[in-house]
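So this block is protein.csv, CSV, C-alpha atoms:
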```
chain,number,residue,atom,x,y,z
U,1,MET,CA,141.3,104.0,114.6
U,2,THR,CA,141.2,100.8,116.7
U,3,GLU,CA,138.0,99.0,117.5
U,4,SER,CA,138.4,99.7,121.2
U,5,THR,CA,138.9,103.4,120.6
U,6,THR,CA,135.8,103.5,118.4
U,7,ARG,CA,133.8,101.8,121.0
U,8,ARG,CA,134.9,104.2,123.7
U,9,ARG,CA,134.0,107.2,121.6
U,10,THR,CA,130.6,105.7,120.6
U,11,GLU,CA,129.8,105.2,124.3
U,12,THR,CA,130.7,108.9,124.9
U,13,PHE,CA,128.3,109.9,122.2
U,14,GLU,CA,125.5,107.7,123.6
U,15,ARG,CA,126.0,109.2,127.1
U,16,ARG,CA,125.7,112.7,125.6
U,17,THR,CA,122.7,111.8,123.4
U,18,PRO,CA,119.8,109.8,124.9
U,19,ILE,CA,118.4,107.3,122.4
U,20,ALA,CA,115.4,106.0,124.3
U,21,ILE,CA,112.5,106.8,122.0
U,22,PRO,CA,109.4,108.3,123.7
U,23,ARG,CA,105.8,107.6,122.7
U,24,ALA,CA,104.7,109.7,119.7
U,25,GLY,CA,103.0,112.8,121.0
U,26,ARG,CA,105.2,113.3,124.0
U,27,SER,CA,107.0,116.6,123.9
U,28,VAL,CA,110.5,116.9,122.6
U,29,SER,CA,113.2,117.3,125.2
U,30,SER,CA,114.7,120.7,126.0
U,31,ASP,CA,117.7,119.7,123.9
U,32,GLY,CA,115.3,120.0,120.9
U,33,GLN,CA,115.9,123.7,121.1
U,34,GLU,CA,119.3,123.3,119.7
U,35,ALA,CA,118.0,121.3,116.8
U,36,ALA,CA,115.2,123.8,116.2
U,37,ALA,CA,117.8,126.6,116.0
U,38,ILE,CA,119.9,124.6,113.5
U,39,LEU,CA,116.9,123.9,111.4
U,40,GLU,CA,115.8,127.5,111.4
U,41,ARG,CA,119.3,128.6,110.4
U,42,ALA,CA,119.4,126.1,107.6
U,43,ARG,CA,116.0,127.2,106.3
U,44,SER,CA,117.2,130.9,106.4
U,45,SER,CA,120.3,130.0,104.5
U,46,VAL,CA,118.7,127.7,101.9
U,47,ASP,CA,115.4,129.4,101.2
U,48,PRO,CA,116.9,132.2,99.0
U,49,GLU,CA,118.6,129.6,96.8
U,50,LEU,CA,115.4,127.6,96.6
U,51,ARG,CA,113.3,130.6,95.7
U,52,ALA,CA,115.9,131.7,93.0
U,53,ALA,CA,115.8,128.1,91.6
U,54,LEU,CA,112.0,128.0,91.5
U,55,ASP,CA,111.8,131.5,89.9
U,56,SER,CA,113.8,130.1,87.0
U,57,LEU,CA,111.0,127.6,86.1
U,58,PRO,CA,108.4,128.3,83.4
U,59,GLY,CA,105.3,130.0,84.8
U,60,SER,CA,103.0,127.1,85.1
U,61,MET,CA,105.5,124.8,86.8
U,62,ARG,CA,106.7,127.7,89.0
U,63,ARG,CA,103.2,128.2,90.3
U,64,ILE,CA,102.8,124.5,91.3
U,65,ALA,CA,106.3,124.4,92.9
U,66,LEU,CA,105.7,127.6,94.9
U,67,TYR,CA,102.3,126.2,96.1
U,68,HIS,CA,103.9,122.9,97.1
U,69,PHE,CA,106.6,124.8,99.1
U,70,GLY,CA,103.9,126.8,100.8
U,71,TRP,CA,105.0,130.2,99.4
U,72,GLU,CA,101.9,130.8,97.2
U,73,HIS,CA,98.2,130.0,97.4
U,74,ALA,CA,96.7,128.0,94.5
U,75,ASP,CA,95.6,131.3,92.9
U,76,GLY,CA,99.2,132.6,92.8
U,77,THR,CA,98.9,135.1,95.7
U,78,PRO,CA,101.6,135.1,98.3
U,79,ALA,CA,101.3,132.7,101.2
U,80,ALA,CA,103.3,132.0,104.4
U,81,ALA,CA,102.6,128.3,104.9
U,82,HIS,CA,105.2,125.8,106.3
U,83,ALA,CA,107.8,124.9,103.8
U,84,GLY,CA,109.0,121.8,105.7
U,85,LYS,CA,111.4,121.0,108.5
U,86,ALA,CA,114.6,121.4,106.4
U,87,ILE,CA,116.1,118.3,108.0
U,88,ARG,CA,118.0,117.3,104.9
U,89,PRO,CA,119.6,120.7,104.1
U,90,ALA,CA,120.4,121.1,107.8
U,91,LEU,CA,122.3,117.8,107.6
U,92,VAL,CA,124.3,119.0,104.6
U,93,LEU,CA,125.3,122.3,106.3
U,94,THR,CA,125.9,120.8,109.7
U,95,ALA,CA,128.1,118.0,108.4
U,96,ALA,CA,130.1,120.5,106.3
U,97,ALA,CA,130.6,122.7,109.4
U,98,ALA,CA,131.5,119.8,111.6
U,99,LEU,CA,134.3,118.7,109.3
U,100,GLY,CA,135.3,121.9,107.7
U,101,GLY,CA,134.1,124.9,109.8
U,102,PRO,CA,132.1,127.9,108.8
U,103,ALA,CA,133.7,128.3,105.4
U,104,ALA,CA,132.7,124.8,104.4
U,105,ARG,CA,129.2,125.4,105.6
U,106,ALA,CA,129.0,128.6,103.5
U,107,ARG,CA,130.1,127.0,100.3
U,108,ALA,CA,127.7,124.0,100.9
U,109,VAL,CA,124.5,126.2,100.8
U,110,ARG,CA,123.8,125.5,97.1
U,111,ALA,CA,124.3,121.8,97.6
U,112,ALA,CA,121.9,121.9,100.6
U,113,ALA,CA,119.3,123.5,98.4
U,114,ALA,CA,119.8,120.8,95.8
U,115,VAL,CA,119.2,118.1,98.3
U,116,GLU,CA,116.0,119.8,99.5
U,117,LEU,CA,114.8,120.1,95.9
U,118,ILE,CA,115.3,116.3,95.5
U,119,HIS,CA,113.4,115.7,98.7
U,120,ASN,CA,110.5,117.8,97.4
U,121,PHE,CA,110.6,116.1,94.0
U,122,THR,CA,110.0,112.8,95.8
U,123,LEU,CA,107.1,114.3,97.9
U,124,LEU,CA,105.3,115.5,94.8
U,125,HIS,CA,105.5,112.1,93.2
U,126,ASP,CA,104.8,110.1,96.3
U,127,ASP,CA,101.6,112.1,97.0
U,128,VAL,CA,100.3,111.2,93.6
U,129,MET,CA,101.2,107.5,93.9
U,130,ASP,CA,99.9,107.2,97.5
U,131,ARG,CA,96.8,109.4,96.7
U,132,ASP,CA,97.6,111.5,99.8
U,133,THR,CA,95.3,114.5,100.0
U,134,THR,CA,97.0,116.5,102.7
U,135,ARG,CA,100.6,117.7,103.2
U,136,ARG,CA,101.9,120.3,105.6
U,137,HIS,CA,98.3,121.2,106.6
U,138,ARG,CA,97.2,122.0,103.0
U,139,PRO,CA,95.8,120.1,100.1
U,140,THR,CA,98.5,118.2,98.1
U,141,ALA,CA,99.5,119.7,94.8
U,142,TRP,CA,97.9,116.9,92.7
U,143,THR,CA,94.5,117.5,94.3
U,144,VAL,CA,94.8,121.2,93.2
U,145,PHE,CA,96.5,121.0,89.9
U,146,GLY,CA,96.0,117.4,88.8
U,147,ASP,CA,98.2,114.4,88.6
U,148,ALA,CA,100.1,115.3,85.4
U,149,ASP,CA,101.0,118.8,86.5
U,150,ALA,CA,102.2,117.6,89.9
U,151,ILE,CA,104.4,114.9,88.4
U,152,LEU,CA,105.9,117.3,85.9
U,153,ALA,CA,106.6,119.8,88.6
U,154,GLY,CA,108.4,117.1,90.5
U,155,ASP,CA,110.5,116.3,87.4
U,156,ALA,CA,111.4,119.9,87.1
U,157,LEU,CA,112.6,120.1,90.7
U,158,GLN,CA,114.8,117.1,90.1
U,159,ALA,CA,116.3,118.8,87.1
U,160,LEU,CA,116.8,122.0,89.1
U,161,ALA,CA,118.6,120.1,91.8
U,162,LEU,CA,121.1,118.4,89.5
U,163,GLY,CA,121.6,121.7,87.6
U,164,LEU,CA,122.5,123.6,90.8
U,165,LEU,CA,125.2,121.1,91.6
U,166,ALA,CA,126.5,120.8,88.0
U,167,GLU,CA,127.0,124.6,87.9
U,168,ASP,CA,128.7,124.9,91.2
U,169,PRO,CA,132.3,125.8,90.8
U,170,TYR,CA,133.5,124.0,93.9
U,171,PRO,CA,135.7,121.0,92.9
U,172,ALA,CA,133.7,118.5,94.9
U,173,SER,CA,130.5,119.3,93.1
U,174,GLY,CA,131.1,116.7,90.4
U,175,THR,CA,131.4,114.0,93.0
U,176,ALA,CA,128.3,115.4,94.7
U,177,VAL,CA,126.3,115.2,91.5
U,178,ALA,CA,127.3,111.6,91.0
U,179,ARG,CA,126.3,110.7,94.6
U,180,LEU,CA,123.0,112.5,94.3
U,181,THR,CA,122.0,110.9,91.0
U,182,ALA,CA,122.8,107.5,92.4
U,183,CYS,CA,120.7,108.4,95.4
U,184,VAL,CA,117.8,109.3,93.2
U,185,VAL,CA,118.0,105.9,91.6
U,186,GLU,CA,117.9,104.3,95.0
U,187,LEU,CA,115.0,106.4,96.1
U,188,CYS,CA,113.0,105.3,93.0
U,189,ALA,CA,113.9,101.7,93.7
U,190,GLY,CA,112.7,102.1,97.2
U,191,GLN,CA,109.4,103.7,96.1
U,192,GLN,CA,108.9,101.0,93.5
U,193,ALA,CA,109.4,98.3,96.2
U,194,ASP,CA,107.0,100.2,98.5
U,195,THR,CA,104.2,100.2,95.8
U,196,ALA,CA,104.9,96.5,95.0
U,197,LEU,CA,104.6,95.5,98.7
U,198,GLU,CA,101.3,97.2,98.9
U,199,ARG,CA,99.9,94.9,96.2
U,200,ARG,CA,100.9,91.8,98.2
U,201,ALA,CA,98.9,90.1,100.9
U,202,PRO,CA,100.0,91.1,104.5
U,203,ALA,CA,101.2,87.6,105.3
U,204,GLU,CA,103.6,87.6,102.3
U,205,VAL,CA,105.6,90.7,103.4
U,206,THR,CA,108.7,90.2,105.6
U,207,LEU,CA,110.3,92.6,108.0
U,208,ASP,CA,113.6,92.4,106.1
U,209,GLU,CA,111.9,93.5,102.9
U,210,VAL,CA,110.2,96.5,104.6
U,211,LEU,CA,113.4,97.5,106.3
U,212,ALA,CA,115.4,97.4,103.0
U,213,MET,CA,112.6,99.4,101.4
U,214,ALA,CA,112.7,102.0,104.2
U,215,GLU,CA,116.5,102.4,104.0
U,216,ALA,CA,116.2,103.1,100.3
U,217,LYS,CA,113.2,105.5,100.5
U,218,THR,CA,114.3,107.4,103.6
U,219,GLY,CA,117.8,106.5,104.8
U,220,ALA,CA,119.4,106.9,101.4
U,221,LEU,CA,118.7,110.7,101.1
U,222,LEU,CA,119.7,111.5,104.7
U,223,GLY,CA,122.9,109.6,104.2
U,224,CYS,CA,123.5,111.4,100.9
U,225,ALA,CA,122.9,114.7,102.6
U,226,CYS,CA,125.5,114.0,105.3
U,227,ALA,CA,128.0,112.7,102.7
U,228,ILE,CA,127.6,115.7,100.5
U,229,GLY,CA,128.2,118.0,103.5
U,230,ALA,CA,131.4,116.0,104.1
U,231,LEU,CA,132.5,116.4,100.5
U,232,TYR,CA,132.1,120.2,100.7
U,233,ALA,CA,134.3,120.1,103.8
U,234,GLY,CA,137.0,118.3,101.8
U,235,ALA,CA,136.8,115.2,104.1
U,236,ALA,CA,138.6,112.0,103.4
U,237,ASP,CA,136.8,109.2,101.7
U,238,ASP,CA,136.4,107.1,104.9
U,239,ASP,CA,134.8,110.0,106.7
U,240,VAL,CA,132.4,110.7,103.8
U,241,GLU,CA,131.3,107.0,103.9
U,242,ALA,CA,131.0,107.0,107.7
U,243,LEU,CA,128.7,110.1,107.5
U,244,ASP,CA,126.7,108.4,104.8
U,245,LEU,CA,126.2,105.4,107.1
U,246,PHE,CA,125.4,107.7,110.0
U,247,GLY,CA,122.7,109.4,107.9
U,248,ARG,CA,121.3,106.1,106.7
U,249,GLU,CA,120.9,104.6,110.2
U,250,ALA,CA,119.5,107.9,111.5
U,251,GLY,CA,117.2,107.9,108.5
U,252,LEU,CA,115.9,104.4,109.3
U,253,ALA,CA,115.2,105.5,112.8
U,254,PHE,CA,113.4,108.5,111.4
U,255,GLN,CA,111.2,106.3,109.2
U,256,LEU,CA,110.4,104.0,112.2
U,257,ILE,CA,109.2,107.0,114.2
U,258,ASP,CA,107.5,108.4,111.2
U,259,ASP,CA,105.5,105.2,110.8
U,260,VAL,CA,104.6,105.3,114.5
U,261,ILE,CA,103.4,108.9,114.1
U,262,GLY,CA,101.5,107.8,110.9
U,263,ILE,CA,99.4,105.5,113.1
U,264,TRP,CA,99.2,107.2,116.5
U,265,GLY,CA,100.2,110.9,115.8
U,266,ASP,CA,98.0,113.9,116.6
U,267,PRO,CA,96.4,115.1,113.3
U,268,HIS,CA,96.7,118.7,114.6
U,269,ARG,CA,100.5,118.3,114.6
U,270,THR,CA,101.0,116.0,111.6
U,271,GLY,CA,98.6,117.7,109.2
U,272,LYS,CA,97.2,114.3,108.2
U,273,PRO,CA,94.1,112.4,109.3
U,274,ALA,CA,94.5,110.1,112.3
U,275,GLY,CA,95.4,106.6,111.3
U,276,ALA,CA,95.9,107.7,107.7
U,277,ASP,CA,98.5,104.9,107.0
U,278,LEU,CA,96.1,102.3,108.5
U,279,ALA,CA,93.3,103.6,106.3
U,280,ALA,CA,95.4,103.2,103.2
U,281,ARG,CA,96.3,99.7,104.5
U,282,LYS,CA,100.0,100.6,104.3
U,283,LYS,CA,102.4,97.9,105.3
U,284,SER,CA,104.4,100.2,107.5
U,285,LEU,CA,107.2,98.9,109.8
U,286,PRO,CA,105.0,98.7,113.0
U,287,VAL,CA,102.3,96.9,111.0
U,288,VAL,CA,104.6,94.3,109.5
U,289,ALA,CA,106.3,93.7,112.8
U,290,ALA,CA,102.9,93.2,114.4
U,291,LEU,CA,101.8,90.8,111.6
U,292,ALA,CA,105.0,88.8,112.1
U,293,SER,CA,104.6,88.4,115.9
U,294,GLY,CA,102.5,85.2,115.7
U,295,THR,CA,100.2,86.5,118.4
U,296,PRO,CA,96.4,86.4,118.5
U,297,ALA,CA,96.4,90.2,117.9
U,298,ALA,CA,98.5,89.6,114.7
U,299,ALA,CA,95.8,87.2,113.4
U,300,GLU,CA,93.1,89.9,114.2
U,301,LEU,CA,95.2,92.5,112.4
U,302,ALA,CA,95.6,90.3,109.3
U,303,GLU,CA,91.8,90.0,109.2
U,304,LEU,CA,91.3,93.7,109.6
U,305,TYR,CA,93.8,94.4,106.8
U,306,GLU,CA,91.9,92.1,104.4
U,307,MET,CA,88.8,94.2,104.9
U,308,PRO,CA,88.0,97.1,102.6
U,309,TYR,CA,88.5,100.5,104.3
U,310,ASP,CA,85.5,102.7,105.1
U,311,LYS,CA,86.7,106.2,105.8
U,312,GLU,CA,83.6,106.8,108.0
U,313,ASP,CA,84.5,103.8,110.2
U,314,THR,CA,86.6,105.6,112.8
U,315,LYS,CA,86.0,102.8,115.3
U,316,GLY,CA,87.5,100.3,112.8
U,317,THR,CA,90.6,102.5,112.4
U,318,ALA,CA,91.0,102.6,116.2
U,319,ARG,CA,90.5,98.9,116.5
U,320,THR,CA,93.2,98.3,113.9
U,321,ALA,CA,95.7,100.6,115.7
U,322,LEU,CA,95.0,98.8,118.9
U,323,ALA,CA,95.7,95.4,117.2
U,324,VAL,CA,99.0,96.7,116.0
U,325,GLU,CA,99.9,97.9,119.5
U,326,ARG,CA,98.7,94.7,121.2
U,327,ALA,CA,100.8,92.6,118.7
U,328,GLY,CA,103.9,94.5,119.7
U,329,GLY,CA,104.3,96.6,116.6
U,330,ARG,CA,104.6,100.0,118.4
U,331,ASP,CA,107.1,98.7,121.0
U,332,TRP,CA,109.2,97.0,118.3
U,333,ALA,CA,109.4,100.1,116.1
U,334,GLN,CA,110.5,102.3,119.1
U,335,ALA,CA,113.1,99.7,120.2
U,336,GLN,CA,114.4,99.3,116.6
U,337,ALA,CA,114.6,103.1,116.3
U,338,ALA,CA,116.8,103.2,119.4
U,339,ASP,CA,119.0,100.4,118.0
U,340,ARG,CA,119.4,102.2,114.7
U,341,MET,CA,120.4,105.4,116.5
U,342,SER,CA,123.0,103.5,118.5
U,343,ARG,CA,124.5,102.3,115.2
U,344,ALA,CA,124.4,105.8,113.8
U,345,MET,CA,126.3,107.1,116.8
U,346,GLY,CA,129.0,104.6,116.1
U,347,GLU,CA,129.4,105.8,112.5
U,348,LEU,CA,129.4,109.4,113.6
U,349,ALA,CA,132.2,108.7,116.2
U,350,ARG,CA,134.3,107.2,113.4
U,351,ALA,CA,134.2,110.3,111.3
U,352,ILE,CA,134.2,112.9,114.0
U,353,PRO,CA,136.1,111.7,117.1
U,354,GLU,CA,135.2,114.5,119.5
U,355,PRO,CA,131.5,114.7,120.4
U,356,GLU,CA,131.8,118.5,120.9
U,357,SER,CA,132.6,118.9,117.2
U,358,ALA,CA,129.6,116.8,116.2
U,359,GLY,CA,127.1,118.5,118.5
U,360,GLY,CA,124.9,119.8,115.7
U,361,LEU,CA,124.6,116.4,114.1
U,362,LEU,CA,123.9,114.8,117.4
U,363,ALA,CA,121.1,117.3,118.0
U,364,LEU,CA,119.6,116.7,114.6
U,365,ALA,CA,119.8,112.9,115.2
U,366,GLU,CA,118.0,113.2,118.5
U,367,TYR,CA,115.4,115.4,116.9
U,368,VAL,CA,114.4,113.0,114.2
U,369,THR,CA,113.7,110.3,116.7
U,370,ARG,CA,112.0,112.5,119.4
U,371,ARG,CA,109.6,114.4,117.2
U,372,SER,CA,105.8,114.0,117.3
U,373,SER,CA,104.9,115.4,113.8
```
Please render this file's structure as structure tokens.
Amino acid sequence: MTESTTRRRTETFERRTPIAIPRAGRSVSSDGQEAAAILERARSSVDPELRAALDSLPGSMRRIALYHFGWEHADGTPAAAHAGKAIRPALVLTAAAALGGPAARARAVRAAAAVELIHNFTLLHDDVMDRDTTRRHRPTAWTVFGDADAILAGDALQALALGLLAEDPYPASGTAVARLTACVVELCAGQQADTALERRAPAEVTLDEVLAMAEAKTGALLGCACAIGALYAGAADDDVEALDLFGREAGLAFQLIDDVIGIWGDPHRTGKPAGADLAARKKSLPVVAALASGTPAAAELAELYEMPYDKEDTKGTARTALAVERAGGRDWAQAQAADRMSRAMGELARAIPEPESAGGLLALAEYVTRRSS
């Protein structure tokens, strides 16, 4: 495909899919209905595989995993809590369908479940490391069952994920396992970088470092999900790699908006306290961009970040959020998210030339940058 052809097709995608990023809290466009339907269908397809996998765990770990997914209360009685948005399995299934039709989507269900298990393994571990006390509007698993049990349950989910793919008879499953295991290593490296950055002074952290960390922590798994979908469609290597890059860029846009929501999101929608990331003094993308702005607000923010956090000081959290905004962190994050989505559209146009064939992936890409929770 020539460069001019790729550019024309990218422009077609961008006209079809607005990439201007609204303020967190603004309602999702009507086009979000398509993404919601895709996510619901993915959840319906993948949940039976997930439940079967979790049921194979020893009783103690099964109880923790089912609680984490929202399917049981802490006492083991049935629950109907939210099991997550299913963005990653939806990307697997939608990429498979875009390149291989309904048959490819059907055979990719087990792979989609494996990707969702990996995602939840990281959530269980991240909650322990970050000391997050709430996820999906409920207490996190470690606060209920303890650190050790939550970590071990996460380990078990990772093993289940790799086992699902290893036992899959589809020929591409071996390549999918290799890609997913490499992705797990990258996820761990990203998390290690994140924890290392938190130990450094705000002035010592650069935007390039935080962007690289965010790509590893978030972009890698979204890219892997898209690539595995392409593998189950029997796609050519170039198309697999293009979809991986599409997912990575969309994933970075996702993280940028997630960081915006982490500061300014509505707790009733996010399930987390207002300003939770600021309270933890996290060096999120908007914060680091604000600190690097060289403005008076940046100097104020640096001083605030050096102060110990008092969870009762809601005015202090509001002041910190205002300093990030006045230093340009919020606007930078939203503009950067739009730029990353533009790059994602270019990669998607390389793999799937006709926008109509990629409609589902376009809808999901728009969803991740227009959500408010």
- Name the residues in contact with Arg138 (chain U) at a cut-off of 10 Å, using only C-alpha atoms, excluding same-chain residues fewer than 4 positions from it; report them as an MDAnalysis selection string. chainID U and resid 67:68 70 73 81:82 133:134 271:272
- Message: So that I can see what lies close to Met129 (chain U), please list as a list in words the residues with an atom at most 12 Å from it, counting all atoms listed in the file and leaving out residues fewer than 5 positions away in the same chain.
- Response: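 Near Met129 (chain U), the qualifying residues are Thr122, Leu123, Leu124, Thr140, Trp142, Asp147, Ala148, Ala150, Ile151, Gln191, Gln192, Asp194, Thr195, Ala196, Glu198 and Ala280 of chain U.
Between Ala90 (chain U) and the candidates U:Leu364, U:Ala333, U:Arg200, U:Ala176, the tightest atom-to-atom separation, counting all atoms listed in the file, involves U:Leu364.
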- Message: Need to verify the contact set: Ser173 (chain U), 8 Å, all atoms listed in the file, exclusion of same-chain residues closer than 6 positions in sequence. Can you return it as a list in words?
- Response: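 Residues near the query, excluding close chain neighbours: Leu165, Ala166 and Tyr232 of chain U.
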- Could you please determine the separation between CA of Gln334 (chain U) and CA of Ile257 (chain U) in Å, to one decimal place?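 These two atoms are separated by 6.9 Å.
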- 9 Å contact set for Ala216 (chain U), all atoms listed in the file, chain neighbours under 6 positions out, as a PyMOL selection string: chain U and resi 183+186-191+248
- Query: CA of Ala318 (chain U) and CA of Val128 (chain U) are how many Å apart?
  - Reply: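 It comes out at 25.9 Å.
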Please output region 71-80 of chain U, rebuilt to include all heavy atoms, as a PDB file, in the frame of the given file.
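result.pdb, written as the output of this step:
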```pdb
ATOM      1  N   TRP U  71     104.680 128.771  99.548  1.00  0.00           N
ATOM      2  CA  TRP U  71     105.000 130.200  99.400  1.00  0.00           C
ATOM      3  C   TRP U  71     103.941 130.926  98.549  1.00  0.00           C
ATOM      4  O   TRP U  71     103.995 132.146  98.433  1.00  0.00           O
ATOM      5  CB  TRP U  71     106.372 130.343  98.742  1.00  0.00           C
ATOM      6  CG  TRP U  71     107.454 129.887  99.690  1.00  0.00           C
ATOM      7  CD1 TRP U  71     107.419 129.943 101.055  1.00  0.00           C
ATOM      8  CD2 TRP U  71     108.716 129.319  99.349  1.00  0.00           C
ATOM      9  NE1 TRP U  71     108.590 129.442 101.586  1.00  0.00           N
ATOM     10  CE2 TRP U  71     109.407 129.038 100.557  1.00  0.00           C
ATOM     11  CE3 TRP U  71     109.338 128.994  98.148  1.00  0.00           C
ATOM     12  CZ2 TRP U  71     110.676 128.476 100.596  1.00  0.00           C
ATOM     13  CZ3 TRP U  71     110.606 128.427  98.176  1.00  0.00           C
ATOM     14  CH2 TRP U  71     111.264 128.178  99.393  1.00  0.00           C
ATOM     15  N   GLU U  72     103.027 130.172  97.934  1.00  0.00           N
ATOM     16  CA  GLU U  72     101.900 130.800  97.200  1.00  0.00           C
ATOM     17  C   GLU U  72     100.644 129.972  97.464  1.00  0.00           C
ATOM     18  O   GLU U  72     100.709 128.765  97.700  1.00  0.00           O
ATOM     19  CB  GLU U  72     102.170 130.869  95.709  1.00  0.00           C
ATOM     20  CG  GLU U  72     103.114 131.979  95.295  1.00  0.00           C
ATOM     21  CD  GLU U  72     103.166 132.153  93.787  1.00  0.00           C
ATOM     22  OE1 GLU U  72     102.418 131.426  93.077  1.00  0.00           O
ATOM     23  OE2 GLU U  72     103.937 133.015  93.322  1.00  0.00           O
ATOM     24  N   HIS U  73      99.506 130.656  97.384  1.00  0.00           N
ATOM     25  CA  HIS U  73      98.200 130.000  97.400  1.00  0.00           C
ATOM     26  C   HIS U  73      97.988 129.414  95.963  1.00  0.00           C
ATOM     27  O   HIS U  73      98.727 129.720  95.015  1.00  0.00           O
ATOM     28  CB  HIS U  73      97.098 130.938  97.752  1.00  0.00           C
ATOM     29  CG  HIS U  73      97.194 131.426  99.166  1.00  0.00           C
ATOM     30  ND1 HIS U  73      97.062 130.598 100.263  1.00  0.00           N
ATOM     31  CD2 HIS U  73      97.408 132.676  99.673  1.00  0.00           C
ATOM     32  CE1 HIS U  73      97.180 131.303 101.370  1.00  0.00           C
ATOM     33  NE2 HIS U  73      97.399 132.561 101.047  1.00  0.00           N
ATOM     34  N   ALA U  74      96.948 128.614  95.830  1.00  0.00           N
ATOM     35  CA  ALA U  74      96.700 128.000  94.500  1.00  0.00           C
ATOM     36  C   ALA U  74      96.395 129.053  93.452  1.00  0.00           C
ATOM     37  O   ALA U  74      96.658 128.811  92.264  1.00  0.00           O
ATOM     38  CB  ALA U  74      95.468 127.063  94.653  1.00  0.00           C
ATOM     39  N   ASP U  75      95.886 130.237  93.847  1.00  0.00           N
ATOM     40  CA  ASP U  75      95.600 131.300  92.900  1.00  0.00           C
ATOM     41  C   ASP U  75      96.810 132.155  92.554  1.00  0.00           C
ATOM     42  O   ASP U  75      96.719 133.124  91.798  1.00  0.00           O
ATOM     43  CB  ASP U  75      94.439 132.158  93.340  1.00  0.00           C
ATOM     44  CG  ASP U  75      94.748 132.895  94.653  1.00  0.00           C
ATOM     45  OD1 ASP U  75      95.884 132.792  95.152  1.00  0.00           O
ATOM     46  OD2 ASP U  75      93.843 133.566  95.164  1.00  0.00           O
ATOM     47  N   GLY U  76      97.964 131.820  93.137  1.00  0.00           N
ATOM     48  CA  GLY U  76      99.200 132.600  92.800  1.00  0.00           C
ATOM     49  C   GLY U  76      99.483 133.707  93.766  1.00  0.00           C
ATOM     50  O   GLY U  76     100.541 134.349  93.642  1.00  0.00           O
ATOM     51  N   THR U  77      98.592 133.987  94.715  1.00  0.00           N
ATOM     52  CA  THR U  77      98.900 135.100  95.700  1.00  0.00           C
ATOM     53  C   THR U  77      99.833 134.580  96.742  1.00  0.00           C
ATOM     54  O   THR U  77      99.901 133.387  97.039  1.00  0.00           O
ATOM     55  CB  THR U  77      97.551 135.544  96.330  1.00  0.00           C
ATOM     56  OG1 THR U  77      96.895 134.424  96.960  1.00  0.00           O
ATOM     57  CG2 THR U  77      96.632 136.158  95.298  1.00  0.00           C
ATOM     58  N   PRO U  78     100.620 135.491  97.336  1.00  0.00           N
ATOM     59  CA  PRO U  78     101.600 135.100  98.300  1.00  0.00           C
ATOM     60  C   PRO U  78     101.008 134.372  99.530  1.00  0.00           C
ATOM     61  O   PRO U  78      99.898 134.692  99.958  1.00  0.00           O
ATOM     62  CB  PRO U  78     102.279 136.404  98.743  1.00  0.00           C
ATOM     63  CG  PRO U  78     102.012 137.326  97.605  1.00  0.00           C
ATOM     64  CD  PRO U  78     100.671 136.931  97.056  1.00  0.00           C
ATOM     65  N   ALA U  79     101.749 133.398 100.060  1.00  0.00           N
ATOM     66  CA  ALA U  79     101.300 132.700 101.200  1.00  0.00           C
ATOM     67  C   ALA U  79     102.521 132.495 102.162  1.00  0.00           C
ATOM     68  O   ALA U  79     103.668 132.699 101.768  1.00  0.00           O
ATOM     69  CB  ALA U  79     100.762 131.293 100.858  1.00  0.00           C
ATOM     70  N   ALA U  80     102.244 132.145 103.387  1.00  0.00           N
ATOM     71  CA  ALA U  80     103.300 132.000 104.400  1.00  0.00           C
ATOM     72  C   ALA U  80     103.129 130.618 105.070  1.00  0.00           C
ATOM     73  O   ALA U  80     103.256 130.505 106.281  1.00  0.00           O
ATOM     74  CB  ALA U  80     103.315 133.088 105.388  1.00  0.00           C
TER      75      ALA U  80
END
```
